[in-house]
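> mmCIF, C-alpha atoms, saved as query_7.cif, coming up:
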```cif
data_target
#
loop_
_atom_site.group_PDB
_atom_site.id
_atom_site.type_symbol
_atom_site.label_atom_id
_atom_site.label_comp_id
_atom_site.auth_asym_id
_atom_site.auth_seq_id
_atom_site.Cartn_x
_atom_site.Cartn_y
_atom_site.Cartn_z
ATOM 1 C CA MET B 1 58.805 -59.742 18.968
ATOM 2 C CA PRO B 2 57.781 -56.347 20.382
ATOM 3 C CA SER B 3 59.438 -55.193 23.591
ATOM 4 C CA LEU B 4 56.391 -53.499 25.155
ATOM 5 C CA PHE B 5 53.358 -55.492 26.326
ATOM 6 C CA TRP B 6 50.194 -54.583 28.262
ATOM 7 C CA GLU B 7 52.063 -55.311 31.518
ATOM 8 C CA ASP B 8 54.600 -52.552 30.753
ATOM 9 C CA PHE B 9 52.047 -49.732 30.619
ATOM 10 C CA LYS B 10 51.783 -48.708 34.262
ATOM 11 C CA PRO B 11 49.697 -45.653 35.178
ATOM 12 C CA GLY B 12 51.915 -42.566 35.187
ATOM 13 C CA ARG B 13 54.406 -43.878 32.634
ATOM 14 C CA VAL B 14 55.222 -41.194 30.063
ATOM 15 C CA PHE B 15 56.412 -41.542 26.454
ATOM 16 C CA GLU B 16 57.749 -38.505 24.624
ATOM 17 C CA HIS B 17 58.578 -37.862 20.994
ATOM 18 C CA GLY B 18 59.710 -35.027 18.777
ATOM 19 C CA PRO B 19 60.184 -32.313 17.893
ATOM 20 C CA ARG B 20 58.660 -33.112 14.508
ATOM 21 C CA ARG B 21 58.402 -30.332 11.955
ATOM 22 C CA LEU B 22 55.197 -29.996 9.948
ATOM 23 C CA PRO B 23 56.436 -28.870 6.525
ATOM 24 C CA ARG B 24 54.121 -26.415 4.772
ATOM 25 C CA ASP B 25 53.867 -28.529 1.612
ATOM 26 C CA GLU B 26 52.960 -31.697 3.564
ATOM 27 C CA MET B 27 50.362 -29.792 5.632
ATOM 28 C CA ILE B 28 48.764 -28.358 2.485
ATOM 29 C CA ALA B 29 48.946 -31.699 0.631
ATOM 30 C CA PHE B 30 46.961 -33.352 3.440
ATOM 31 C CA ALA B 31 44.378 -30.561 3.331
ATOM 32 C CA ALA B 32 44.063 -30.816 -0.445
ATOM 33 C CA GLU B 33 43.291 -34.519 -0.108
ATOM 34 C CA PHE B 34 41.133 -34.628 3.034
ATOM 35 C CA ASP B 35 40.135 -31.170 4.260
ATOM 36 C CA ALA B 36 40.146 -28.705 1.356
ATOM 37 C CA GLN B 37 38.897 -25.617 3.193
ATOM 38 C CA PRO B 38 40.452 -22.151 2.641
ATOM 39 C CA MET B 39 41.728 -21.966 6.254
ATOM 40 C CA HIS B 40 43.906 -25.054 5.578
ATOM 41 C CA LEU B 41 44.892 -24.381 1.954
ATOM 42 C CA ASP B 42 45.433 -20.758 1.077
ATOM 43 C CA GLU B 43 47.367 -18.144 3.072
ATOM 44 C CA ALA B 44 45.424 -15.101 1.864
ATOM 45 C CA ALA B 45 41.996 -16.728 2.223
ATOM 46 C CA ALA B 46 42.971 -18.150 5.628
ATOM 47 C CA ARG B 47 43.719 -14.653 6.970
ATOM 48 C CA GLU B 48 40.021 -13.820 6.549
ATOM 49 C CA THR B 49 38.932 -16.832 8.650
ATOM 50 C CA MET B 50 38.520 -17.313 12.409
ATOM 51 C CA LEU B 51 41.958 -18.983 12.525
ATOM 52 C CA GLY B 52 43.615 -15.759 11.335
ATOM 53 C CA GLY B 53 46.036 -17.460 8.951
ATOM 54 C CA LEU B 54 46.934 -20.769 7.395
ATOM 55 C CA ALA B 55 46.492 -23.556 9.977
ATOM 56 C CA ALA B 56 46.721 -27.332 9.948
ATOM 57 C CA SER B 57 43.580 -29.429 9.563
ATOM 58 C CA GLY B 58 42.647 -31.000 12.882
ATOM 59 C CA TRP B 59 42.549 -34.364 11.105
ATOM 60 C CA TYR B 60 46.122 -33.835 9.951
ATOM 61 C CA LEU B 61 47.080 -33.269 13.598
ATOM 62 C CA CYS B 62 45.307 -36.521 14.556
ATOM 63 C CA CYS B 63 47.295 -38.326 11.860
ATOM 64 C CA ILE B 64 50.573 -36.703 12.951
ATOM 65 C CA LEU B 65 49.799 -37.640 16.558
ATOM 66 C CA MET B 66 49.263 -41.224 15.382
ATOM 67 C CA ARG B 67 52.557 -41.207 13.489
ATOM 68 C CA MET B 68 54.498 -39.706 16.403
ATOM 69 C CA SER B 69 52.948 -42.294 18.760
ATOM 70 C CA ALA B 70 53.905 -45.055 16.327
ATOM 71 C CA ASP B 71 57.479 -43.806 16.306
ATOM 72 C CA ALA B 72 57.500 -43.199 20.078
ATOM 73 C CA PHE B 73 56.301 -46.630 21.222
ATOM 74 C CA VAL B 74 53.402 -48.187 19.283
ATOM 75 C CA LEU B 75 55.594 -49.891 16.652
ATOM 76 C CA ASP B 76 57.658 -51.419 19.455
ATOM 77 C CA SER B 77 54.557 -52.673 21.295
ATOM 78 C CA SER B 78 52.011 -55.470 21.044
ATOM 79 C CA SER B 79 49.405 -52.916 19.834
ATOM 80 C CA MET B 80 46.191 -54.409 18.506
ATOM 81 C CA GLY B 81 44.728 -51.074 17.469
ATOM 82 C CA ALA B 82 42.074 -49.042 19.280
ATOM 83 C CA PRO B 83 38.298 -49.373 19.574
ATOM 84 C CA GLY B 84 37.931 -45.599 19.327
ATOM 85 C CA VAL B 85 38.828 -42.226 20.814
ATOM 86 C CA ASP B 86 37.115 -40.763 23.869
ATOM 87 C CA GLU B 87 37.799 -37.118 23.114
ATOM 88 C CA VAL B 88 39.898 -34.766 20.989
ATOM 89 C CA LYS B 89 40.345 -31.054 21.652
ATOM 90 C CA TRP B 90 41.962 -28.710 19.130
ATOM 91 C CA LEU B 91 43.105 -25.904 21.409
ATOM 92 C CA LYS B 92 45.177 -23.602 19.180
ATOM 93 C CA PRO B 93 45.853 -23.249 15.450
ATOM 94 C CA VAL B 94 49.034 -25.023 14.325
ATOM 95 C CA ARG B 95 50.987 -23.078 11.714
ATOM 96 C CA PRO B 96 53.103 -24.343 8.784
ATOM 97 C CA ASP B 97 56.667 -25.358 9.689
ATOM 98 C CA ASP B 98 55.895 -25.401 13.415
ATOM 99 C CA GLU B 99 57.601 -28.156 15.384
ATOM 100 C CA LEU B 100 55.458 -30.393 17.564
ATOM 101 C CA ARG B 101 56.354 -32.452 20.587
ATOM 102 C CA LEU B 102 54.248 -35.376 21.807
ATOM 103 C CA ARG B 103 53.669 -36.484 25.376
ATOM 104 C CA ALA B 104 51.696 -39.674 26.022
ATOM 105 C CA THR B 105 50.808 -40.471 29.644
ATOM 106 C CA VAL B 106 49.354 -43.799 30.749
ATOM 107 C CA LEU B 107 46.170 -42.972 32.690
ATOM 108 C CA ASP B 108 45.052 -46.490 33.569
ATOM 109 C CA ALA B 109 45.289 -50.081 32.397
ATOM 110 C CA ARG B 110 42.821 -52.902 32.710
ATOM 111 C CA ALA B 111 42.836 -56.544 31.703
ATOM 112 C CA SER B 112 40.090 -57.830 29.424
ATOM 113 C CA LYS B 113 37.738 -60.356 31.051
ATOM 114 C CA SER B 114 36.600 -61.800 27.744
ATOM 115 C CA ARG B 115 40.008 -61.753 26.027
ATOM 116 C CA PRO B 116 42.767 -63.084 28.314
ATOM 117 C CA ASP B 117 45.362 -62.427 25.588
ATOM 118 C CA MET B 118 44.923 -58.634 25.742
ATOM 119 C CA GLY B 119 44.241 -55.629 27.900
ATOM 120 C CA LEU B 120 43.307 -51.986 27.441
ATOM 121 C CA VAL B 121 45.619 -49.067 28.193
ATOM 122 C CA ARG B 122 44.070 -45.606 28.431
ATOM 123 C CA PHE B 123 46.370 -42.761 27.366
ATOM 124 C CA GLY B 124 46.249 -39.008 27.618
ATOM 125 C CA PHE B 125 48.070 -37.612 24.567
ATOM 126 C CA GLU B 126 49.212 -33.987 24.360
ATOM 127 C CA LEU B 127 50.802 -32.077 21.476
ATOM 128 C CA PHE B 128 52.864 -28.936 22.142
ATOM 129 C CA ASN B 129 54.127 -26.374 19.627
ATOM 130 C CA ALA B 130 57.660 -24.955 19.519
ATOM 131 C CA ALA B 131 56.622 -22.159 21.906
ATOM 132 C CA GLY B 132 55.599 -24.837 24.445
ATOM 133 C CA GLU B 133 51.879 -24.134 24.107
ATOM 134 C CA LYS B 134 49.515 -27.088 24.267
ATOM 135 C CA VAL B 135 47.769 -27.255 20.878
ATOM 136 C CA MET B 136 45.832 -30.520 21.112
ATOM 137 C CA THR B 137 44.757 -33.237 23.546
ATOM 138 C CA LEU B 138 43.459 -36.716 22.755
ATOM 139 C CA THR B 139 42.240 -39.417 25.138
ATOM 140 C CA THR B 140 41.977 -43.000 23.932
ATOM 141 C CA SER B 141 42.354 -46.616 24.993
ATOM 142 C CA LEU B 142 44.716 -48.840 23.028
ATOM 143 C CA MET B 143 44.388 -52.629 22.938
ATOM 144 C CA MET B 144 47.666 -54.289 23.893
ATOM 145 C CA GLY B 145 48.630 -57.930 23.793
ATOM 146 C CA ARG B 146 49.726 -59.528 27.062
ATOM 147 C CA ARG B 147 53.245 -60.857 27.558
ATOM 148 C CA GLN B 148 52.063 -64.268 28.709
ATOM 149 C CA ALA B 149 49.945 -64.734 25.567
ATOM 150 C CA ALA B 150 52.935 -63.925 23.368
ATOM 151 C CA ALA B 151 55.188 -66.364 25.234
ATOM 152 C CA SER B 152 52.766 -69.289 25.101
ATOM 153 C CA MET U 153 26.552 -24.074 4.002
ATOM 154 C CA LYS U 154 23.210 -23.143 5.497
ATOM 155 C CA PHE U 155 23.250 -20.336 8.019
ATOM 156 C CA TRP U 156 23.255 -21.484 11.641
ATOM 157 C CA ASP U 157 19.792 -19.946 12.083
ATOM 158 C CA ASP U 158 18.317 -22.211 9.357
ATOM 159 C CA ILE U 159 19.853 -25.457 10.606
ATOM 160 C CA VAL U 160 17.332 -27.718 12.333
ATOM 161 C CA VAL U 161 18.201 -30.357 14.915
ATOM 162 C CA GLY U 162 17.482 -33.677 13.200
ATOM 163 C CA ASP U 163 18.721 -32.515 9.757
ATOM 164 C CA LYS U 164 20.352 -35.523 8.076
ATOM 165 C CA THR U 165 22.748 -35.372 5.155
ATOM 166 C CA SER U 166 24.091 -38.166 3.017
ATOM 167 C CA LEU U 167 27.725 -37.444 2.137
ATOM 168 C CA GLY U 168 28.504 -40.107 -0.466
ATOM 169 C CA ASP U 169 30.850 -43.072 -0.384
ATOM 170 C CA PHE U 170 34.504 -44.062 -0.700
ATOM 171 C CA THR U 171 36.152 -47.370 -1.579
ATOM 172 C CA PHE U 172 39.217 -48.414 0.427
ATOM 173 C CA THR U 173 41.533 -50.060 -2.103
ATOM 174 C CA THR U 174 44.806 -51.783 -1.175
ATOM 175 C CA GLU U 175 46.766 -48.887 -2.693
ATOM 176 C CA ARG U 176 44.878 -46.227 -0.734
ATOM 177 C CA ILE U 177 45.070 -48.192 2.542
ATOM 178 C CA LYS U 178 48.819 -48.764 2.262
ATOM 179 C CA ALA U 179 49.682 -45.241 1.034
ATOM 180 C CA PHE U 180 47.884 -43.714 4.022
ATOM 181 C CA ALA U 181 49.373 -46.221 6.497
ATOM 182 C CA ARG U 182 52.910 -45.614 5.201
ATOM 183 C CA ARG U 183 52.567 -41.901 5.982
ATOM 184 C CA PHE U 184 50.640 -41.911 9.246
ATOM 185 C CA ASP U 185 49.949 -45.331 10.783
ATOM 186 C CA PRO U 186 52.596 -47.864 9.761
ATOM 187 C CA GLN U 187 51.340 -50.740 11.919
ATOM 188 C CA ALA U 188 51.790 -54.120 10.200
ATOM 189 C CA PHE U 189 48.048 -54.872 9.941
ATOM 190 C CA HIS U 190 47.601 -51.721 7.776
ATOM 191 C CA LEU U 191 50.644 -52.344 5.549
ATOM 192 C CA ASP U 192 51.422 -55.985 5.070
ATOM 193 C CA GLU U 193 48.965 -58.692 3.960
ATOM 194 C CA ALA U 194 50.845 -61.594 5.544
ATOM 195 C CA ALA U 195 51.308 -59.847 8.899
ATOM 196 C CA ALA U 196 47.660 -58.716 8.846
ATOM 197 C CA ALA U 197 46.529 -62.307 8.232
ATOM 198 C CA ARG U 198 48.371 -63.355 11.401
ATOM 199 C CA SER U 199 46.899 -60.463 13.439
ATOM 200 C CA HIS U 200 43.539 -60.484 15.244
ATOM 201 C CA PHE U 201 42.096 -58.539 12.243
ATOM 202 C CA GLY U 202 42.743 -61.553 9.991
ATOM 203 C CA ALA U 203 43.349 -59.452 6.853
ATOM 204 C CA LEU U 204 44.677 -56.073 5.715
ATOM 205 C CA CYS U 205 42.454 -53.237 6.978
ATOM 206 C CA ALA U 206 42.430 -49.435 6.816
ATOM 207 C CA SER U 207 43.793 -47.221 9.598
ATOM 208 C CA GLY U 208 40.932 -45.792 11.628
ATOM 209 C CA TRP U 209 42.436 -42.347 11.011
ATOM 210 C CA HIS U 210 42.058 -43.003 7.300
ATOM 211 C CA THR U 211 38.349 -43.885 7.601
ATOM 212 C CA ALA U 212 37.795 -40.798 9.786
ATOM 213 C CA SER U 213 39.773 -38.437 7.492
ATOM 214 C CA VAL U 214 37.689 -39.604 4.529
ATOM 215 C CA TRP U 215 34.574 -38.454 6.414
ATOM 216 C CA MET U 216 36.075 -34.933 6.412
ATOM 217 C CA ARG U 217 36.904 -35.189 2.710
ATOM 218 C CA LEU U 218 33.351 -36.163 1.794
ATOM 219 C CA MET U 219 31.935 -33.487 4.105
ATOM 220 C CA VAL U 220 34.002 -30.807 2.331
ATOM 221 C CA GLU U 221 33.023 -32.138 -1.107
ATOM 222 C CA HIS U 222 29.373 -32.070 -0.078
ATOM 223 C CA GLU U 223 29.702 -28.463 1.125
ATOM 224 C CA ARG U 224 31.323 -27.483 -2.164
ATOM 225 C CA ARG U 225 28.411 -28.933 -4.192
ATOM 226 C CA ASP U 226 25.887 -27.375 -1.834
ATOM 227 C CA ASN U 227 27.589 -23.961 -2.031
ATOM 228 C CA ALA U 228 27.652 -24.109 -5.848
ATOM 229 C CA ALA U 229 23.900 -24.749 -5.869
ATOM 230 C CA THR U 230 23.295 -21.886 -3.414
ATOM 231 C CA ARG U 231 25.450 -19.559 -5.528
ATOM 232 C CA ALA U 232 23.561 -20.606 -8.676
ATOM 233 C CA ARG U 233 20.308 -19.552 -6.994
ATOM 234 C CA GLY U 234 21.912 -16.218 -6.170
ATOM 235 C CA GLU U 235 21.424 -16.734 -2.437
ATOM 236 C CA PRO U 236 23.926 -15.816 0.277
ATOM 237 C CA MET U 237 25.688 -18.682 2.032
ATOM 238 C CA ALA U 238 27.174 -19.172 5.443
ATOM 239 C CA ARG U 239 30.809 -19.894 6.170
ATOM 240 C CA LEU U 240 31.747 -23.074 7.992
ATOM 241 C CA GLY U 241 34.173 -22.245 10.792
ATOM 242 C CA PRO U 242 36.740 -24.389 12.555
ATOM 243 C CA SER U 243 35.935 -27.199 14.987
ATOM 244 C CA PRO U 244 36.994 -27.196 18.643
ATOM 245 C CA GLY U 245 37.111 -31.009 18.605
ATOM 246 C CA PHE U 246 35.156 -34.259 18.703
ATOM 247 C CA ARG U 247 34.229 -37.058 21.097
ATOM 248 C CA GLU U 248 32.961 -40.639 21.275
ATOM 249 C CA LEU U 249 34.744 -41.770 18.138
ATOM 250 C CA LYS U 250 34.093 -45.493 17.682
ATOM 251 C CA TRP U 251 35.745 -47.762 15.155
ATOM 252 C CA LEU U 252 33.018 -50.377 15.320
ATOM 253 C CA LYS U 253 34.316 -52.816 12.706
ATOM 254 C CA PRO U 254 37.512 -53.103 10.674
ATOM 255 C CA VAL U 255 37.364 -51.720 7.117
ATOM 256 C CA TYR U 256 38.957 -54.349 4.864
ATOM 257 C CA VAL U 257 40.382 -54.029 1.349
ATOM 258 C CA GLY U 258 37.714 -53.330 -1.251
ATOM 259 C CA GLU U 259 35.019 -52.206 1.178
ATOM 260 C CA THR U 260 32.900 -49.205 0.238
ATOM 261 C CA ILE U 261 31.903 -46.980 3.119
ATOM 262 C CA THR U 262 28.891 -44.665 2.892
ATOM 263 C CA TYR U 263 29.082 -41.606 5.133
ATOM 264 C CA ALA U 264 26.361 -39.473 6.676
ATOM 265 C CA THR U 265 25.922 -36.706 9.233
ATOM 266 C CA GLU U 266 23.052 -35.620 11.484
ATOM 267 C CA VAL U 267 22.619 -32.430 13.507
ATOM 268 C CA ILE U 268 21.940 -33.376 17.140
ATOM 269 C CA GLU U 269 22.304 -30.026 18.936
ATOM 270 C CA LYS U 270 22.776 -26.304 18.255
ATOM 271 C CA ARG U 271 23.596 -23.320 20.407
ATOM 272 C CA PRO U 272 24.716 -19.729 19.882
ATOM 273 C CA SER U 273 28.372 -18.922 20.519
ATOM 274 C CA ALA U 274 28.753 -16.995 23.768
ATOM 275 C CA SER U 275 32.001 -15.314 22.697
ATOM 276 C CA ARG U 276 31.316 -14.764 18.962
ATOM 277 C CA PRO U 277 27.898 -13.217 18.283
ATOM 278 C CA ASP U 278 28.207 -13.700 14.488
ATOM 279 C CA TRP U 279 28.606 -17.441 14.918
ATOM 280 C CA GLY U 280 26.698 -20.410 16.298
ATOM 281 C CA LEU U 281 27.805 -23.939 17.149
ATOM 282 C CA ILE U 282 26.334 -27.171 15.867
ATOM 283 C CA THR U 283 26.904 -30.647 17.274
ATOM 284 C CA ILE U 284 26.729 -33.401 14.664
ATOM 285 C CA ARG U 285 26.777 -37.202 14.786
ATOM 286 C CA ASN U 286 28.834 -38.589 11.920
ATOM 287 C CA THR U 287 28.690 -42.154 10.696
ATOM 288 C CA GLY U 288 30.115 -44.545 8.126
ATOM 289 C CA ALA U 289 28.499 -47.844 7.100
ATOM 290 C CA ASN U 290 29.888 -50.632 4.928
ATOM 291 C CA GLN U 291 28.229 -52.192 1.869
ATOM 292 C CA LYS U 292 26.413 -54.662 4.145
ATOM 293 C CA GLY U 293 24.853 -51.763 6.041
ATOM 294 C CA GLU U 294 26.964 -52.395 9.164
ATOM 295 C CA MET U 295 28.104 -49.302 11.033
ATOM 296 C CA VAL U 296 31.924 -49.097 11.001
ATOM 297 C CA LEU U 297 32.519 -45.554 12.264
ATOM 298 C CA SER U 298 30.691 -43.111 14.506
ATOM 299 C CA PHE U 299 31.683 -39.891 16.261
ATOM 300 C CA VAL U 300 30.218 -36.663 17.580
ATOM 301 C CA SER U 301 31.817 -33.372 16.532
ATOM 302 C CA VAL U 302 31.241 -29.677 17.039
ATOM 303 C CA ALA U 303 31.718 -26.883 14.498
ATOM 304 C CA PHE U 304 31.223 -23.147 14.178
ATOM 305 C CA VAL U 305 28.683 -22.027 11.548
ATOM 306 C CA GLU U 306 28.056 -18.416 10.582
ATOM 307 C CA ARG U 307 24.768 -16.785 11.634
ATOM 308 C CA ARG U 308 22.552 -14.635 9.425
ATOM 309 C CA LYS U 309 23.339 -10.948 9.556
ATOM 310 C CA ARG U 310 20.738 -9.382 11.770
ATOM 311 C CA VAL U 311 18.818 -6.571 10.132
ATOM 312 C CA ALA U 312 18.946 -3.479 12.306
#
```
Can the structure in the file be given as structure tokens, please?

Amino acid sequence: MPSLFWEDFKPGRVFEHGPRRLPRDEMIAFAAEFDAQPMHLDEAAARETMLGGLAASGWYLCCILMRMSADAFVLDSSSMGAPGVDEVKWLKPVRPDDELRLRATVLDARASKSRPDMGLVRFGFELFNAAGEKVMTLTTSLMMGRRQAAAS
Amino acid sequence: MKFWDDIVVGDKTSLGDFTFTTERIKAFARRFDPQAFHLDEAAAARSHFGALCASGWHTASVWMRLMVEHERRDNAATRARGEPMARLGPSPGFRELKWLKPVYVGETITYATEVIEKRPSASRPDWGLITIRNTGANQKGEMVLSFVSVAFVERRKRVA
């Protein structure tokens, strides 16, 4: 039984996680599989690009954000997944071996009219690098089961 | 990659397809999205999804993979013709990502992209920005994924 239900996600509540290091080999392995562009794969070629050096794929950062959220609270919640993502902004390049911290803030929560067993919780996610700079933001609503539904 | 100048709003590109096998779904979920409905058949059967399904981040990341593979083929053809090609720059982000239907084991998703807007970059005169709508549809033709992203594309060198 999870310990966090829809009722527990009050606006303003904050979940934090990290730091989590992004090892160079893992960052490059993701790029090789899903985003094989020179700026994500090869140090010398990446220096010639707009990013000015090897940088993580934005999709890798989305996946890391997912994993850090899972470890921060999602795996201990009644999560039913998400219908989508409102917006993602990649604000700064993330370099190999940087350490990221996650902050997830509950923006609002609403019950579902059609599905009394669940509600939606809208989160603002932020990733920060080791220097404390914000490197990415993501806004999404997660579907969460309600406590009453789990008890009945 | 076509130069920004030659890209036309309304350009549509078919990117190919990808089959989400049990092994691929679980390997991705183990690394990035270890929720029970992406990892464990029995737990997924009890969930509202009813069966094991791929992480939405997996279905979205595969769009990027097929996009890159398409660019590689396209660039090889351009090179073979001896024509110059544009560089694809980084993306500042995306919006309106919708996971419209679960992607279950064995489903084959066909991806596509369409240019919906273009504008010059105010800060980088050698570059322009394109806005594209990206989609994935299952073998029944049902849309499972849609999002709108922005990317930098190199402009043609202006002849003085």
> Using the chain letters and residue numbers of this document, give as a ChimeraX atom specification the residues selected by the PyMOL selection byres ((chain U and resi 213) around 9).
/B:34-35,59-60,63 /U:208-212,214-218
> If I take CA of Pro244 in chain U and CA of Asn129 in chain B, how far is one from the other in Å, to one decimal?
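Straight-line distance from CA of Pro244 in chain U to CA of Asn129 in chain B works out to 17.2 Å.
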> Set the cut-off to 10 Å and count only C-alpha atoms: what are the residues of chain B that reach chain U? Output as a ChimeraX atom specification.
/B:30-37,39,49-51,57-60,62-71,74-76,79-93,136-140
> Take the residues from that selection and put them in a file with C-alpha atoms, as a PDB file, in the frame of the given file.

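This is the output file part38.pdb:
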```
ATOM      1  CA  PHE B  30      46.961 -33.352   3.440  1.00  0.00           C
ATOM      2  CA  ALA B  31      44.378 -30.561   3.331  1.00  0.00           C
ATOM      3  CA  ALA B  32      44.063 -30.816  -0.445  1.00  0.00           C
ATOM      4  CA  GLU B  33      43.291 -34.519  -0.108  1.00  0.00           C
ATOM      5  CA  PHE B  34      41.133 -34.628   3.034  1.00  0.00           C
ATOM      6  CA  ASP B  35      40.135 -31.170   4.260  1.00  0.00           C
ATOM      7  CA  ALA B  36      40.146 -28.705   1.356  1.00  0.00           C
ATOM      8  CA  GLN B  37      38.897 -25.617   3.193  1.00  0.00           C
ATOM      9  CA  MET B  39      41.728 -21.966   6.254  1.00  0.00           C
ATOM     10  CA  THR B  49      38.932 -16.832   8.650  1.00  0.00           C
ATOM     11  CA  MET B  50      38.520 -17.313  12.409  1.00  0.00           C
ATOM     12  CA  LEU B  51      41.958 -18.983  12.525  1.00  0.00           C
ATOM     13  CA  SER B  57      43.580 -29.429   9.563  1.00  0.00           C
ATOM     14  CA  GLY B  58      42.647 -31.000  12.882  1.00  0.00           C
ATOM     15  CA  TRP B  59      42.549 -34.364  11.105  1.00  0.00           C
ATOM     16  CA  TYR B  60      46.122 -33.835   9.951  1.00  0.00           C
ATOM     17  CA  CYS B  62      45.307 -36.521  14.556  1.00  0.00           C
ATOM     18  CA  CYS B  63      47.295 -38.326  11.860  1.00  0.00           C
ATOM     19  CA  ILE B  64      50.573 -36.703  12.951  1.00  0.00           C
ATOM     20  CA  LEU B  65      49.799 -37.640  16.558  1.00  0.00           C
ATOM     21  CA  MET B  66      49.263 -41.224  15.382  1.00  0.00           C
ATOM     22  CA  ARG B  67      52.557 -41.207  13.489  1.00  0.00           C
ATOM     23  CA  MET B  68      54.498 -39.706  16.403  1.00  0.00           C
ATOM     24  CA  SER B  69      52.948 -42.294  18.760  1.00  0.00           C
ATOM     25  CA  ALA B  70      53.905 -45.055  16.327  1.00  0.00           C
ATOM     26  CA  ASP B  71      57.479 -43.806  16.306  1.00  0.00           C
ATOM     27  CA  VAL B  74      53.402 -48.187  19.283  1.00  0.00           C
ATOM     28  CA  LEU B  75      55.594 -49.891  16.652  1.00  0.00           C
ATOM     29  CA  ASP B  76      57.658 -51.419  19.455  1.00  0.00           C
ATOM     30  CA  SER B  79      49.405 -52.916  19.834  1.00  0.00           C
ATOM     31  CA  MET B  80      46.191 -54.409  18.506  1.00  0.00           C
ATOM     32  CA  GLY B  81      44.728 -51.074  17.469  1.00  0.00           C
ATOM     33  CA  ALA B  82      42.074 -49.042  19.280  1.00  0.00           C
ATOM     34  CA  PRO B  83      38.298 -49.373  19.574  1.00  0.00           C
ATOM     35  CA  GLY B  84      37.931 -45.599  19.327  1.00  0.00           C
ATOM     36  CA  VAL B  85      38.828 -42.226  20.814  1.00  0.00           C
ATOM     37  CA  ASP B  86      37.115 -40.763  23.869  1.00  0.00           C
ATOM     38  CA  GLU B  87      37.799 -37.118  23.114  1.00  0.00           C
ATOM     39  CA  VAL B  88      39.898 -34.766  20.989  1.00  0.00           C
ATOM     40  CA  LYS B  89      40.345 -31.054  21.652  1.00  0.00           C
ATOM     41  CA  TRP B  90      41.962 -28.710  19.130  1.00  0.00           C
ATOM     42  CA  LEU B  91      43.105 -25.904  21.409  1.00  0.00           C
ATOM     43  CA  LYS B  92      45.177 -23.602  19.180  1.00  0.00           C
ATOM     44  CA  PRO B  93      45.853 -23.249  15.450  1.00  0.00           C
ATOM     45  CA  MET B 136      45.832 -30.520  21.112  1.00  0.00           C
ATOM     46  CA  THR B 137      44.757 -33.237  23.546  1.00  0.00           C
ATOM     47  CA  LEU B 138      43.459 -36.716  22.755  1.00  0.00           C
ATOM     48  CA  THR B 139      42.240 -39.417  25.138  1.00  0.00           C
ATOM     49  CA  THR B 140      41.977 -43.000  23.932  1.00  0.00           C
TER      50      THR B 140
END
```
> Going by the chain IDs and residue numbers used in this file, which residues fall under the PyMOL selection byres ((chain B and resi 20-25) around 7)? Write them as a short mmCIF file (atom, residue, chain, number, x, y, z; two decimals) with C-alpha atoms, in the frame of the given file.

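Result file is out.cif:
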```cif
data_model
loop_
_atom_site.label_atom_id
_atom_site.label_comp_id
_atom_site.auth_asym_id
_atom_site.auth_seq_id
_atom_site.Cartn_x
_atom_site.Cartn_y
_atom_site.Cartn_z
CA GLY B 18 59.71 -35.03 18.78
CA PRO B 19 60.18 -32.31 17.89
CA GLU B 26 52.96 -31.70 3.56
CA MET B 27 50.36 -29.79 5.63
CA ILE B 28 48.76 -28.36 2.48
CA ALA B 29 48.95 -31.70 0.63
CA PRO B 96 53.10 -24.34 8.78
CA ASP B 97 56.67 -25.36 9.69
CA ASP B 98 55.90 -25.40 13.42
CA GLU B 99 57.60 -28.16 15.38
CA LEU B 100 55.46 -30.39 17.56
CA ARG B 101 56.35 -32.45 20.59
#
```
> Which residues are near Met1 in chain B? Cut-off 9 Å, all atoms listed in the file, ignore same chain within fewer than 5 positions. Put them as a list in words.
Asp76, Ser77, Ser78 and Ala150 of chain B
> Report, in Å to a single decimal, how far apart CA of Leu191 in chain U and CA of Asn286 in chain U are.
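Separation of CA of Asn286 in chain U and CA of Leu191 in chain U: 26.6 Å.
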> Please report the interatomic distance between CA of Ala303 in chain U and CA of Gly168 in chain U in Å with one decimal.
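Interatomic distance, CA of Ala303 in chain U to CA of Gly168 in chain U: 20.2 Å.
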> Which residue out of B:Gly12, B:Gly53, B:Pro2, B:Pro38 has the minimum interatomic distance to Met144 in chain B when only C-alpha atoms are used?
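Closest residue, counting only C-alpha atoms: B:Pro2.
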> Considering all atoms listed in the file, can you say which of B:Ala46, B:Leu102, B:Leu127, B:Ala109 comes closest to Asp8 in chain B?
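Using all atoms listed in the file, the shortest distance to Asp8 in chain B belongs to B:Ala109.
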> Skip Pro11 in chain B itself and residues of its chain fewer than 3 positions away, then list as a list in words all residues within 10 Å of it, counting only C-alpha atoms.
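Neighbouring residues, sequence-local ones excluded: Asp8, Val14, Thr105, Val106, Leu107, Asp108, Ala109, Val121, Arg122 and Phe123 of chain B.
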> May I have the residues within 7 Å of Arg95 in chain B as a PyMOL selection string, using only C-alpha atoms and disregarding those fewer than 5 positions away in the same chain?
chain B and resi 54-56
> As AutoDock Vina command-line options, please: the centre and edge lengths in Å, to one decimal, of an axis-aligned box enclosing every listed atom of range 140-146 of chain B with 4 Å added on each side.

```
--center_x 45.9 --center_y -51.3 --center_z 25.0 --size_x 15.7 --size_y 24.5 --size_z 12.1
```
> Hey, which of U:Tyr256, U:Ala232, U:Ile177, U:Ile261 ends up closest to Ala197 in chain U? Count all atoms listed in the file.
U:Tyr256
> Of the candidates B:Leu142, B:Ala111, B:Ala130, B:Ala151, which shows the shortest atom-to-atom distance to Glu7 in chain B, using only C-alpha atoms?
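The closest residue to Glu7 in chain B is B:Ala111.
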> Nearest to Ala206 in chain U: which of U:Val160, U:Val255, U:Leu167, U:Ile284 is it, counting only C-alpha atoms?
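Counting only C-alpha atoms, the residue closest to Ala206 in chain U is U:Val255.
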